[in-house]
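Worksheet: one structure, shown below.
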Amino acid sequence: MRGEANGGEDLGQPRGEDREHEDEGEERQDGSAAHQRQPQAQRPAARPSSGQQPQPQQNPTPPVMMRNVGYVGKHRLSAAIARLDQELQSLQEELNELETMEPASTACQDVITSTGGKPDPLLPITSGPENSSWDRWFQRVRSSRSNKWWASRGSDFS
Amino acid sequence: MASVAELKEKHAAATASVNSLRERLRQRREMLLDTDVARYSKAQGRAPVSFQPTDLVCCRTLQGHSGKVYSLDWTPEKNWIVSASQDGRLIVWNALTSQKTHAIKLHCPWVMTCAFAPNGQSVACGGLDSACSIFNLNSQADRDGNMPVSRILTGHKGYVSSCQYVPDQETRLITSSGDQTCVLWDVTTGQRISIFGGEFPSGHTADVQSVSINSSNTNMFVSGSCDATVRLWDIRIASRAVRTYHGHEGDVNSVKFFPDGHRFGTGSEDGTCRLFDMRTGHQLQVYSREPDRNDNELPAVTSIAFSISGRLLFAGYSNGDCYVWDTLLAEVVLNLGNLQNSHDGRISCLGMSSDGSALCTGSWDKNLKIWAFSGHRKIV
């Protein structure tokens, strides 16, 4: 399931008809509202929900959404429809583009050509010119604290 | 205004149209995918990159953080690196000597990203404070040894996941956020110049995790999101994304432009990396690892970097692996996670030095490591 990336707005979700992206705090509880595939435990600790930490700059939590569909619900629906229409338009434009677009093989050739051109210090075989500073990581360096040096380049390893 | 029932009907019809058009688009695109980079390269008889066991080595271990390393960035010119950690600090390192030149204690310890300014004089960082803080490295520390913030960029309504200075522009910075937007900032005034995404424009529909600015054309940048897509933006046109790239089946954690500036790579929670063509939108290659014997879920890709020619794609994974992919043949040619002196934990961030001679990896094991080529090099 690819969540929201696929079907545009989906207001039929069990969360309730009135609630969309406005409920940002709750939407982002697990940091990826659109993807229920990934279990919460796998998310790196670096990305806990922003809603859980004290946020002096955030807007105050929106009021609890009323279950009755009223004026607020209509506005949201209209906005969602407008977005869907906009998306329809750009999808149609993209479809038109594809009519005259070249196939992937053209770009594949470009990728191959571009990787051949540039000298790459991390490759065992690469085009020149070689730059002596590439090997600075293996040269003797005097730091103010110690006489650290690192093993010289393995050019004499057989 | 129409009744709710009528609006709901309209909404359902529009959703059905969107889904149908998406499917048509997907099929049309599939027809244009006559090959991928690996098949094409093999057909041309390209040989894979072949490393000897001691070719790529860990030549430095930068120790000093007391918490997981989350982010790193190189200076464009010197050998300096800035790193951000769970310990609430930024450290600036001279990677060549391993010395720390600055250790900056942050007001908000929950930092997620850091970046070096193009001139190497400032660093930026951001995280759960929903702001991006700028430090001038030349400023004097105060009485307590703390470095003053020179600017705080506020405005995001969610965490700042990633930041990058516009190349050659000390004054402009792009951030990505958990609030589903990217923002272009003027660092000197602290103002938001443009907001990419948000309620109405064709923005991401979930947290944005990563940005990459095209160094060949700095008006363009890509953003990767938890909505499983990547979007291309023109900084002059914030009103809508130039293109949306589909393919991944999970959060896109990392995006990086390919060196030629016409393609970009991605890394995702779905365990794959992909190469997309910027202009056409074609997915040119999927870099997918073999499932393990127990058929467990694939480890997530946390971060990627290309070598300077683009021939190598480095990918850090949540299980501590750091695969070196041959970009053309889509084969893993090395795993830095298996080498001597490798990290003891997840690789959270990767960065290539500007001359391409060294890769820096940052890990949850609290260290950074520098990897370089120490074998015999053949120049053709």
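The way I read the labels, and the way they are meant: chains A, B, ... in the order of the structure tokens, residue 1 as the first residue of every chain, and ligand 1 as the first ligand shown, with later ones counted on from there.
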Contact set, chain B to chain A: 6 Å, only C-alpha atoms, as an MDAnalysis selection string: chainID B and resid 4 11 18:19 25 32:33 35 37 157:159 226:227 308:311 357 373:380
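Between CA of Gln140 (chain B) and CA of Gly190 (chain B) lies a distance of 21.3 Å.
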field: Contacts of His102 (chain B) at 9 Å (only C-alpha atoms; same-chain gap of 2+ positions) as a ChimeraX atom specification
entry: /B:82,90-93,100,104,137
Using C-alpha atoms, can you export the residues from the last selection as a PDB file, in the first residue's frame?
ATOM      1  CA  VAL B  82      30.945  19.162  10.721  1.00  0.00           C
ATOM      2  CA  LEU B  90      28.145  19.928  16.667  1.00  0.00           C
ATOM      3  CA  ILE B  91      31.803  19.089  16.247  1.00  0.00           C
ATOM      4  CA  VAL B  92      33.972  20.543  13.522  1.00  0.00           C
ATOM      5  CA  TRP B  93      36.875  18.278  12.626  1.00  0.00           C
ATOM      6  CA  LYS B 100      38.512  18.932  16.673  1.00  0.00           C
ATOM      7  CA  ILE B 104      29.409  23.599  19.791  1.00  0.00           C
ATOM      8  CA  LEU B 137      32.930  29.636  13.384  1.00  0.00           C
TER       9      LEU B 137
END
Quick one: everything within 9 Å of region 256-272 of chain B, counting only C-alpha atoms, minus sequence neighbours fewer than 2 positions away in the same chain. Send it as a PDB file with N, CA and C atoms, in the first residue's frame.
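around_7.pdb was written with the following content:
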ATOM      1  N   GLN A  38       5.627   0.104   7.696  1.00  0.00           N
ATOM      2  CA  GLN A  38       6.788   0.070   8.578  1.00  0.00           C
ATOM      3  C   GLN A  38       6.366   0.109  10.031  1.00  0.00           C
ATOM      4  N   ALA A 107      18.687   7.734 -21.704  1.00  0.00           N
ATOM      5  CA  ALA A 107      19.279   8.210 -20.452  1.00  0.00           C
ATOM      6  C   ALA A 107      20.333   7.230 -19.945  1.00  0.00           C
ATOM      7  N   VAL A 111      24.194   7.995 -18.761  1.00  0.00           N
ATOM      8  CA  VAL A 111      24.767   7.631 -17.459  1.00  0.00           C
ATOM      9  C   VAL A 111      26.130   6.980 -17.663  1.00  0.00           C
ATOM     10  N   SER A 114      28.718   9.554 -18.806  1.00  0.00           N
ATOM     11  CA  SER A 114      29.139  10.540 -17.800  1.00  0.00           C
ATOM     12  C   SER A 114      30.058   9.937 -16.754  1.00  0.00           C
ATOM     13  N   THR A 115      29.904   8.628 -16.443  1.00  0.00           N
ATOM     14  CA  THR A 115      30.775   8.051 -15.419  1.00  0.00           C
ATOM     15  C   THR A 115      32.179   7.835 -15.962  1.00  0.00           C
TER      16      THR A 115
ATOM     17  N   SER B 210      14.777  14.685   3.256  1.00  0.00           N
ATOM     18  CA  SER B 210      16.082  14.960   2.670  1.00  0.00           C
ATOM     19  C   SER B 210      15.969  15.903   1.484  1.00  0.00           C
ATOM     20  N   VAL B 211      17.009  16.726   1.292  1.00  0.00           N
ATOM     21  CA  VAL B 211      17.076  17.570   0.094  1.00  0.00           C
ATOM     22  C   VAL B 211      18.445  17.435  -0.543  1.00  0.00           C
ATOM     23  N   SER B 212      18.487  17.688  -1.853  1.00  0.00           N
ATOM     24  CA  SER B 212      19.767  17.747  -2.541  1.00  0.00           C
ATOM     25  C   SER B 212      19.659  18.801  -3.632  1.00  0.00           C
ATOM     26  N   ILE B 213      20.604  19.736  -3.617  1.00  0.00           N
ATOM     27  CA  ILE B 213      20.599  20.806  -4.607  1.00  0.00           C
ATOM     28  C   ILE B 213      21.497  20.397  -5.766  1.00  0.00           C
ATOM     29  N   ASN B 214      21.052  20.688  -6.970  1.00  0.00           N
ATOM     30  CA  ASN B 214      21.805  20.338  -8.165  1.00  0.00           C
ATOM     31  C   ASN B 214      22.983  21.297  -8.309  1.00  0.00           C
ATOM     32  N   SER B 215      24.218  20.798  -8.194  1.00  0.00           N
ATOM     33  CA  SER B 215      25.360  21.710  -8.257  1.00  0.00           C
ATOM     34  C   SER B 215      25.611  22.203  -9.681  1.00  0.00           C
ATOM     35  N   SER B 216      25.060  21.479 -10.688  1.00  0.00           N
ATOM     36  CA  SER B 216      25.209  21.950 -12.067  1.00  0.00           C
ATOM     37  C   SER B 216      24.186  23.030 -12.410  1.00  0.00           C
ATOM     38  N   ASN B 217      23.091  23.020 -11.701  1.00  0.00           N
ATOM     39  CA  ASN B 217      22.050  24.032 -11.924  1.00  0.00           C
ATOM     40  C   ASN B 217      21.400  24.307 -10.585  1.00  0.00           C
ATOM     41  N   PHE B 221      16.343  21.651  -7.100  1.00  0.00           N
ATOM     42  CA  PHE B 221      16.673  20.731  -6.016  1.00  0.00           C
ATOM     43  C   PHE B 221      15.607  19.649  -5.943  1.00  0.00           C
ATOM     44  N   VAL B 222      15.985  18.526  -5.331  1.00  0.00           N
ATOM     45  CA  VAL B 222      15.028  17.443  -5.135  1.00  0.00           C
ATOM     46  C   VAL B 222      14.835  17.209  -3.649  1.00  0.00           C
ATOM     47  N   GLY B 224      13.123  14.289  -0.790  1.00  0.00           N
ATOM     48  CA  GLY B 224      12.624  12.922  -0.593  1.00  0.00           C
ATOM     49  C   GLY B 224      11.755  12.878   0.644  1.00  0.00           C
ATOM     50  N   CYS B 226       8.515  10.870   3.276  1.00  0.00           N
ATOM     51  CA  CYS B 226       7.841   9.690   3.801  1.00  0.00           C
ATOM     52  C   CYS B 226       6.612   9.332   2.967  1.00  0.00           C
ATOM     53  N   ALA B 228       6.869   8.465   0.057  1.00  0.00           N
ATOM     54  CA  ALA B 228       7.490   7.528  -0.888  1.00  0.00           C
ATOM     55  C   ALA B 228       7.849   8.158  -2.234  1.00  0.00           C
ATOM     56  N   VAL B 230       9.799  11.391  -4.596  1.00  0.00           N
ATOM     57  CA  VAL B 230      10.785  12.454  -4.644  1.00  0.00           C
ATOM     58  C   VAL B 230      10.158  13.528  -5.512  1.00  0.00           C
ATOM     59  N   HIS B 248       9.527   4.152  -5.217  1.00  0.00           N
ATOM     60  CA  HIS B 248       9.812   3.587  -3.897  1.00  0.00           C
ATOM     61  C   HIS B 248       8.535   3.126  -3.216  1.00  0.00           C
ATOM     62  N   GLU B 249       8.732   2.151  -2.311  1.00  0.00           N
ATOM     63  CA  GLU B 249       7.585   1.603  -1.583  1.00  0.00           C
ATOM     64  C   GLU B 249       7.674   1.908  -0.106  1.00  0.00           C
ATOM     65  N   GLY B 250       8.455   2.898   0.215  1.00  0.00           N
ATOM     66  CA  GLY B 250       8.570   3.287   1.615  1.00  0.00           C
ATOM     67  C   GLY B 250       9.165   4.674   1.681  1.00  0.00           C
ATOM     68  N   ASP B 251       9.324   5.180   2.898  1.00  0.00           N
ATOM     69  CA  ASP B 251       9.894   6.517   3.087  1.00  0.00           C
ATOM     70  C   ASP B 251      11.187   6.663   2.282  1.00  0.00           C
ATOM     71  N   VAL B 252      11.334   7.800   1.635  1.00  0.00           N
ATOM     72  CA  VAL B 252      12.599   8.103   0.976  1.00  0.00           C
ATOM     73  C   VAL B 252      13.436   8.858   2.005  1.00  0.00           C
ATOM     74  N   ASN B 253      14.495   8.226   2.477  1.00  0.00           N
ATOM     75  CA  ASN B 253      15.303   8.805   3.545  1.00  0.00           C
ATOM     76  C   ASN B 253      16.406   9.714   3.052  1.00  0.00           C
ATOM     77  N   SER B 254      16.856   9.483   1.831  1.00  0.00           N
ATOM     78  CA  SER B 254      18.030  10.200   1.354  1.00  0.00           C
ATOM     79  C   SER B 254      17.931  10.427  -0.150  1.00  0.00           C
ATOM     80  N   ARG B 274      17.601   3.886  -5.744  1.00  0.00           N
ATOM     81  CA  ARG B 274      17.153   4.001  -7.141  1.00  0.00           C
ATOM     82  C   ARG B 274      17.849   5.157  -7.798  1.00  0.00           C
ATOM     83  N   LEU B 275      17.923   5.061  -9.120  1.00  0.00           N
ATOM     84  CA  LEU B 275      18.489   6.145  -9.916  1.00  0.00           C
ATOM     85  C   LEU B 275      17.380   6.637 -10.842  1.00  0.00           C
ATOM     86  N   PHE B 276      17.084   7.925 -10.767  1.00  0.00           N
ATOM     87  CA  PHE B 276      16.032   8.508 -11.602  1.00  0.00           C
ATOM     88  C   PHE B 276      16.631   9.513 -12.569  1.00  0.00           C
ATOM     89  N   ASP B 277      16.000   9.603 -13.745  1.00  0.00           N
ATOM     90  CA  ASP B 277      16.395  10.631 -14.689  1.00  0.00           C
ATOM     91  C   ASP B 277      15.570  11.882 -14.391  1.00  0.00           C
ATOM     92  N   MET B 278      16.233  12.981 -14.147  1.00  0.00           N
ATOM     93  CA  MET B 278      15.549  14.183 -13.693  1.00  0.00           C
ATOM     94  C   MET B 278      14.550  14.701 -14.729  1.00  0.00           C
ATOM     95  N   ARG B 279      14.992  14.767 -15.951  1.00  0.00           N
ATOM     96  CA  ARG B 279      14.169  15.429 -16.972  1.00  0.00           C
ATOM     97  C   ARG B 279      12.961  14.591 -17.386  1.00  0.00           C
ATOM     98  N   VAL B 286      17.188   0.123 -10.214  1.00  0.00           N
ATOM     99  CA  VAL B 286      16.898  -0.173  -8.815  1.00  0.00           C
ATOM    100  C   VAL B 286      18.087  -0.936  -8.268  1.00  0.00           C
ATOM    101  N   TYR B 287      18.564  -0.535  -7.105  1.00  0.00           N
ATOM    102  CA  TYR B 287      19.682  -1.223  -6.441  1.00  0.00           C
ATOM    103  C   TYR B 287      19.102  -1.930  -5.227  1.00  0.00           C
ATOM    104  N   SER B 288      18.902  -3.236  -5.412  1.00  0.00           N
ATOM    105  CA  SER B 288      18.157  -3.983  -4.411  1.00  0.00           C
ATOM    106  C   SER B 288      19.005  -5.116  -3.873  1.00  0.00           C
ATOM    107  N   ARG B 289      19.170  -5.197  -2.579  1.00  0.00           N
ATOM    108  CA  ARG B 289      20.015  -6.235  -2.015  1.00  0.00           C
ATOM    109  C   ARG B 289      19.285  -7.567  -1.942  1.00  0.00           C
ATOM    110  N   GLU B 297      12.700  -8.784   6.648  1.00  0.00           N
ATOM    111  CA  GLU B 297      12.520  -7.536   5.910  1.00  0.00           C
ATOM    112  C   GLU B 297      13.891  -6.931   5.625  1.00  0.00           C
ATOM    113  N   LEU B 298      14.038  -6.341   4.451  1.00  0.00           N
ATOM    114  CA  LEU B 298      15.317  -5.736   4.090  1.00  0.00           C
ATOM    115  C   LEU B 298      15.649  -4.577   5.018  1.00  0.00           C
ATOM    116  N   PRO B 299      16.930  -4.438   5.392  1.00  0.00           N
ATOM    117  CA  PRO B 299      17.296  -3.262   6.189  1.00  0.00           C
ATOM    118  C   PRO B 299      17.073  -1.997   5.364  1.00  0.00           C
ATOM    119  N   ALA B 300      16.729  -0.943   6.045  1.00  0.00           N
ATOM    120  CA  ALA B 300      16.447   0.327   5.370  1.00  0.00           C
ATOM    121  C   ALA B 300      17.743   0.993   4.929  1.00  0.00           C
ATOM    122  N   VAL B 301      17.648   1.752   3.845  1.00  0.00           N
ATOM    123  CA  VAL B 301      18.773   2.591   3.431  1.00  0.00           C
ATOM    124  C   VAL B 301      18.633   3.909   4.176  1.00  0.00           C
ATOM    125  N   THR B 302      19.679   4.293   4.900  1.00  0.00           N
ATOM    126  CA  THR B 302      19.590   5.520   5.695  1.00  0.00           C
ATOM    127  C   THR B 302      20.184   6.704   4.968  1.00  0.00           C
ATOM    128  N   SER B 303      21.175   6.448   4.099  1.00  0.00           N
ATOM    129  CA  SER B 303      21.928   7.561   3.526  1.00  0.00           C
ATOM    130  C   SER B 303      22.694   7.085   2.300  1.00  0.00           C
ATOM    131  N   ILE B 304      22.873   7.968   1.314  1.00  0.00           N
ATOM    132  CA  ILE B 304      23.634   7.580   0.119  1.00  0.00           C
ATOM    133  C   ILE B 304      24.609   8.671  -0.292  1.00  0.00           C
ATOM    134  N   ALA B 305      25.613   8.285  -1.089  1.00  0.00           N
ATOM    135  CA  ALA B 305      26.530   9.263  -1.669  1.00  0.00           C
ATOM    136  C   ALA B 305      27.116   8.646  -2.933  1.00  0.00           C
ATOM    137  N   PHE B 306      27.399   9.492  -3.926  1.00  0.00           N
ATOM    138  CA  PHE B 306      28.050   9.012  -5.144  1.00  0.00           C
ATOM    139  C   PHE B 306      29.531   9.356  -5.082  1.00  0.00           C
ATOM    140  N   SER B 307      30.360   8.512  -5.712  1.00  0.00           N
ATOM    141  CA  SER B 307      31.755   8.897  -5.895  1.00  0.00           C
ATOM    142  C   SER B 307      31.776  10.011  -6.938  1.00  0.00           C
ATOM    143  N   ILE B 308      32.902  10.647  -7.096  1.00  0.00           N
ATOM    144  CA  ILE B 308      32.932  11.878  -7.887  1.00  0.00           C
ATOM    145  C   ILE B 308      32.616  11.667  -9.368  1.00  0.00           C
ATOM    146  N   SER B 309      32.850  10.464  -9.877  1.00  0.00           N
ATOM    147  CA  SER B 309      32.503  10.187 -11.278  1.00  0.00           C
ATOM    148  C   SER B 309      31.081   9.638 -11.372  1.00  0.00           C
ATOM    149  N   GLY B 310      30.558   9.204 -10.245  1.00  0.00           N
ATOM    150  CA  GLY B 310      29.243   8.574 -10.238  1.00  0.00           C
ATOM    151  C   GLY B 310      29.298   7.064 -10.437  1.00  0.00           C
ATOM    152  N   LEU B 313      28.187   3.979  -5.984  1.00  0.00           N
ATOM    153  CA  LEU B 313      27.101   4.497  -5.148  1.00  0.00           C
ATOM    154  C   LEU B 313      27.291   3.878  -3.775  1.00  0.00           C
ATOM    155  N   ALA B 315      25.960   3.249  -0.031  1.00  0.00           N
ATOM    156  CA  ALA B 315      24.667   3.240   0.653  1.00  0.00           C
ATOM    157  C   ALA B 315      24.826   2.698   2.058  1.00  0.00           C
ATOM    158  N   GLY B 316      24.433   3.501   3.032  1.00  0.00           N
ATOM    159  CA  GLY B 316      24.451   3.062   4.424  1.00  0.00           C
ATOM    160  C   GLY B 316      23.107   2.461   4.774  1.00  0.00           C
ATOM    161  N   TYR B 317      23.134   1.381   5.550  1.00  0.00           N
ATOM    162  CA  TYR B 317      21.899   0.671   5.904  1.00  0.00           C
ATOM    163  C   TYR B 317      21.715   0.645   7.410  1.00  0.00           C
TER     164      TYR B 317
END
